[in-house]
Amino acid sequence: MGKATIVVAAVLLATVSGCAQAGSDGGREAGDDIPIPGQEWALKDGRVTSAEYGTAMGRFVSCIRDAGYPVSEPVLSPADNLTLIYEVTPSGAPETYNNAVQSCNLSHLSMVEPTFVEAQPQVMDEPLRRAVGDCLRRQGVAVTAEERNLREFARSAKDETRVVDCVTAEWPRVYPALPAEVPLRF
């Protein structure tokens, strides 16, 4: 694969939820997020542990494999040291593939992953931090060398797009053996 494809979670990763609020009798009325069936086990207390995230990812990967698509073993993303990344090998009709991946994601992972990752401190691996910092400097951005995650780089650059462009450009050079698609959360 040529240039890495970066999925920007803040923009592209959709979280699907229903809405309902607890009524005076403990029932639900419109307003609160209701976990998607298949994910409520991990979301019922409002937080997701590392073990729960790992279980949800395992179920997601099994679901994709059961649908007939090869999936690499998930590995920790150097972009935040929290997100598990993987590669799926699509085949057959694109609509069938997309429907299978979406169904597995909605059944197992779509709310669990962001709930876990966004509640934790994100710290980019040093090789990627250095490469992104150098890339931004070449563009005239004054980075402090204190940036440790995407949000801090975006603050220094005053532009998330520049940061995404630098991660996109540097990812395949710094991590050629890792999956090319990686969610980025600011």
# chains A, B, ... in the order shown; residues from 1 in each chain; ligands from 1
call {"tool": "closest_atom_pairs", "arguments": {"of": "region 101-144 of chain A", "to": "region 79-90 of chain A", "cutoff": "9 Å", "atoms": "only C-alpha atoms", "output": "JSON lines"}}
result
{"residue": "A:Glu113", "atom": "CA", "partner": "A:Thr83", "partner_atom": "CA", "distance": 7.5}
{"residue": "A:Pro114", "atom": "CA", "partner": "A:Thr83", "partner_atom": "CA", "distance": 8.7}
{"residue": "A:Phe116", "atom": "CA", "partner": "A:Leu82", "partner_atom": "CA", "distance": 8.4}
{"residue": "A:Val117", "atom": "CA", "partner": "A:Leu82", "partner_atom": "CA", "distance": 5.9}
{"residue": "A:Gln120", "atom": "CA", "partner": "A:Leu82", "partner_atom": "CA", "distance": 7.8}
{"residue": "A:Pro121", "atom": "CA", "partner": "A:Asp80", "partner_atom": "CA", "distance": 8.3}
{"residue": "A:Gln122", "atom": "CA", "partner": "A:Asp80", "partner_atom": "CA", "distance": 4.7}
{"residue": "A:Val123", "atom": "CA", "partner": "A:Asp80", "partner_atom": "CA", "distance": 4.9}
{"residue": "A:Met124", "atom": "CA", "partner": "A:Asp80", "partner_atom": "CA", "distance": 4.7}
{"residue": "A:Asp125", "atom": "CA", "partner": "A:Ala79", "partner_atom": "CA", "distance": 6.5}
{"residue": "A:Leu128", "atom": "CA", "partner": "A:Ala79", "partner_atom": "CA", "distance": 7.2}
{"residue": "A:Arg129", "atom": "CA", "partner": "A:Ala79", "partner_atom": "CA", "distance": 8.4}
call {"tool": "residues_around", "arguments": {"residues": "Glu170 (chain A)", "least_positions_apart": "4", "cutoff": "10 Å", "atoms": "only C-alpha atoms", "output": "JSON, numbers by chain"}}
result
{"A": [3, 4, 127, 128, 129, 130, 131, 132, 134, 135, 164, 165, 166, 174, 175, 176]}
call {"tool": "atom_distance", "arguments": {"atom1": "CA of Thr168 (chain A)", "atom2": "CA of Arg65 (chain A)"}}
result
27.6 Å
call {"tool": "select_by_dssp", "arguments": {"residues": "region 28-181 of chain A", "states": "helix (DSSP H, G or I)", "output": "PyMOL selection string"}}
result
chain A and resi 40-43+50-66+94-108+112-117+126-138+150-157+160-174
call {"tool": "residues_around", "arguments": {"residues": "Asp66 (chain A)", "least_positions_apart": "6", "cutoff": "10 Å", "atoms": "only C-alpha atoms", "output": "ChimeraX atom specification"}}
result
/A:60,100,104
call {"tool": "write_last_selection", "arguments": {"atoms": "all heavy atoms", "output": "PDB file, in the first residue's frame"}}
result
ATOM      1  N   PHE A  60     -14.790  -8.144  18.125  1.00  0.00           N
ATOM      2  CA  PHE A  60     -14.868  -7.486  16.820  1.00  0.00           C
ATOM      3  C   PHE A  60     -14.040  -8.255  15.789  1.00  0.00           C
ATOM      4  O   PHE A  60     -14.528  -8.556  14.692  1.00  0.00           O
ATOM      5  CB  PHE A  60     -14.374  -6.039  16.948  1.00  0.00           C
ATOM      6  CG  PHE A  60     -14.161  -5.353  15.629  1.00  0.00           C
ATOM      7  CD1 PHE A  60     -15.240  -4.870  14.900  1.00  0.00           C
ATOM      8  CD2 PHE A  60     -12.884  -5.176  15.120  1.00  0.00           C
ATOM      9  CE1 PHE A  60     -15.042  -4.231  13.677  1.00  0.00           C
ATOM     10  CE2 PHE A  60     -12.676  -4.543  13.914  1.00  0.00           C
ATOM     11  CZ  PHE A  60     -13.761  -4.071  13.186  1.00  0.00           C
ATOM     12  N   ALA A 100     -20.499  -5.980   6.462  1.00  0.00           N
ATOM     13  CA  ALA A 100     -19.975  -6.907   7.471  1.00  0.00           C
ATOM     14  C   ALA A 100     -19.148  -6.157   8.513  1.00  0.00           C
ATOM     15  O   ALA A 100     -19.332  -6.347   9.716  1.00  0.00           O
ATOM     16  CB  ALA A 100     -19.138  -7.993   6.805  1.00  0.00           C
ATOM     17  N   CYS A 104     -20.158  -5.657  12.498  1.00  0.00           N
ATOM     18  CA  CYS A 104     -19.267  -6.089  13.584  1.00  0.00           C
ATOM     19  C   CYS A 104     -18.881  -4.910  14.474  1.00  0.00           C
ATOM     20  O   CYS A 104     -18.832  -5.035  15.702  1.00  0.00           O
ATOM     21  CB  CYS A 104     -18.022  -6.759  13.013  1.00  0.00           C
ATOM     22  SG  CYS A 104     -18.357  -8.355  12.224  1.00  0.00           S
TER      23      CYS A 104
END
call {"tool": "closest_residue", "arguments": {"among": "A:Lys44, A:Val101, A:His108, A:Pro78", "to": "Met57 (chain A)", "atoms": "only C-alpha atoms"}}
result
A:His108
call {"tool": "select_by_dssp", "arguments": {"residues": "region 65-112 of chain A", "states": "strand (DSSP E or B)", "output": "PyMOL selection string"}}
result
chain A and resi 71+75-76+84-85+88
call {"tool": "write_last_selection", "arguments": {"atoms": "N, CA and C atoms", "output": "CSV table (one decimal), in the first residue's frame"}}
result
chain,number,residue,atom,x,y,z
A,71,VAL,N,-8.0,-10.8,9.2
A,71,VAL,CA,-7.7,-9.7,10.1
A,71,VAL,C,-6.4,-9.9,10.8
A,75,VAL,N,-2.6,-4.5,17.3
A,75,VAL,CA,-1.4,-4.0,18.0
A,75,VAL,C,-1.7,-2.6,18.6
A,76,LEU,N,-0.9,-2.2,19.5
A,76,LEU,CA,-1.1,-0.9,20.1
A,76,LEU,C,-0.6,0.2,19.2
A,84,LEU,N,-6.1,0.0,19.8
A,84,LEU,CA,-5.6,-1.2,19.1
A,84,LEU,C,-5.9,-1.1,17.6
A,85,ILE,N,-4.9,-1.2,16.8
A,85,ILE,CA,-5.0,-1.1,15.4
A,85,ILE,C,-4.8,-2.5,14.7
A,88,VAL,N,-7.6,-5.3,8.0
A,88,VAL,CA,-8.6,-6.2,7.4
A,88,VAL,C,-8.3,-6.3,5.9
call {"tool": "residues_around", "arguments": {"residues": "Trp41 (chain A)", "least_positions_apart": "4", "cutoff": "10 Å", "atoms": "only C-alpha atoms", "output": "list in words"}}
result
Pro35, Ile36, Pro37, Asp45, Val48, Glu52, Ala56 and Val112 of chain A
call {"tool": "closest_residue", "arguments": {"among": "A:Ala67, A:Glu40, A:Arg151, A:Ala119", "to": "Gln102 (chain A)", "atoms": "only C-alpha atoms"}}
result
A:Ala67
call {"tool": "residues_around", "arguments": {"residues": "Ser103 (chain A)", "least_positions_apart": "5", "cutoff": "10 Å", "atoms": "only C-alpha atoms", "output": "list in words"}}
result
Phe60, Cys63, Ile64, Tyr97, Asn98, His108, Leu109 and Ser110 of chain A
call {"tool": "write_last_selection", "arguments": {"atoms": "N, CA, C and O atoms", "output": "mmCIF file, in the first residue's frame"}}
result
data_model
loop_
_atom_site.group_PDB
_atom_site.id
_atom_site.type_symbol
_atom_site.label_atom_id
_atom_site.label_comp_id
_atom_site.auth_asym_id
_atom_site.auth_seq_id
_atom_site.Cartn_x
_atom_site.Cartn_y
_atom_site.Cartn_z
ATOM 1 N N PHE A 60 -14.790 -8.144 18.125
ATOM 2 C CA PHE A 60 -14.868 -7.486 16.820
ATOM 3 C C PHE A 60 -14.040 -8.255 15.789
ATOM 4 O O PHE A 60 -14.528 -8.556 14.692
ATOM 5 N N CYS A 63 -15.636 -11.507 14.879
ATOM 6 C CA CYS A 63 -16.808 -11.254 14.035
ATOM 7 C C CYS A 63 -16.394 -11.035 12.581
ATOM 8 O O CYS A 63 -16.996 -11.593 11.663
ATOM 9 N N ILE A 64 -15.343 -10.229 12.372
ATOM 10 C CA ILE A 64 -14.854 -9.970 11.008
ATOM 11 C C ILE A 64 -14.342 -11.271 10.385
ATOM 12 O O ILE A 64 -14.635 -11.570 9.225
ATOM 13 N N TYR A 97 -18.707 -6.380 1.993
ATOM 14 C CA TYR A 97 -17.597 -6.168 2.931
ATOM 15 C C TYR A 97 -17.921 -5.026 3.899
ATOM 16 O O TYR A 97 -17.790 -5.180 5.117
ATOM 17 N N ASN A 98 -18.319 -3.885 3.372
ATOM 18 C CA ASN A 98 -18.639 -2.728 4.217
ATOM 19 C C ASN A 98 -19.742 -3.043 5.217
ATOM 20 O O ASN A 98 -19.667 -2.640 6.380
ATOM 21 N N HIS A 108 -19.888 -4.664 18.493
ATOM 22 C CA HIS A 108 -18.858 -4.935 19.495
ATOM 23 C C HIS A 108 -17.974 -3.761 19.916
ATOM 24 O O HIS A 108 -17.449 -3.776 21.023
ATOM 25 N N LEU A 109 -17.774 -2.755 19.062
ATOM 26 C CA LEU A 109 -16.660 -1.850 19.311
ATOM 27 C C LEU A 109 -16.970 -0.357 19.218
ATOM 28 O O LEU A 109 -16.281 0.448 19.844
ATOM 29 N N SER A 110 -17.960 0.055 18.476
ATOM 30 C CA SER A 110 -18.144 1.462 18.106
ATOM 31 C C SER A 110 -18.252 2.424 19.282
ATOM 32 O O SER A 110 -17.829 3.572 19.175
#
call {"tool": "residues_around", "arguments": {"residues": "Val143 (chain A)", "least_positions_apart": "6", "cutoff": "7 Å", "atoms": "only C-alpha atoms", "output": "ChimeraX atom specification"}}
result
/A:133,137,156
call {"tool": "closest_residue", "arguments": {"among": "A:Pro172, A:Arg138, A:Pro74, A:Glu160", "to": "Gly58 (chain A)", "atoms": "only C-alpha atoms"}}
result
A:Pro74
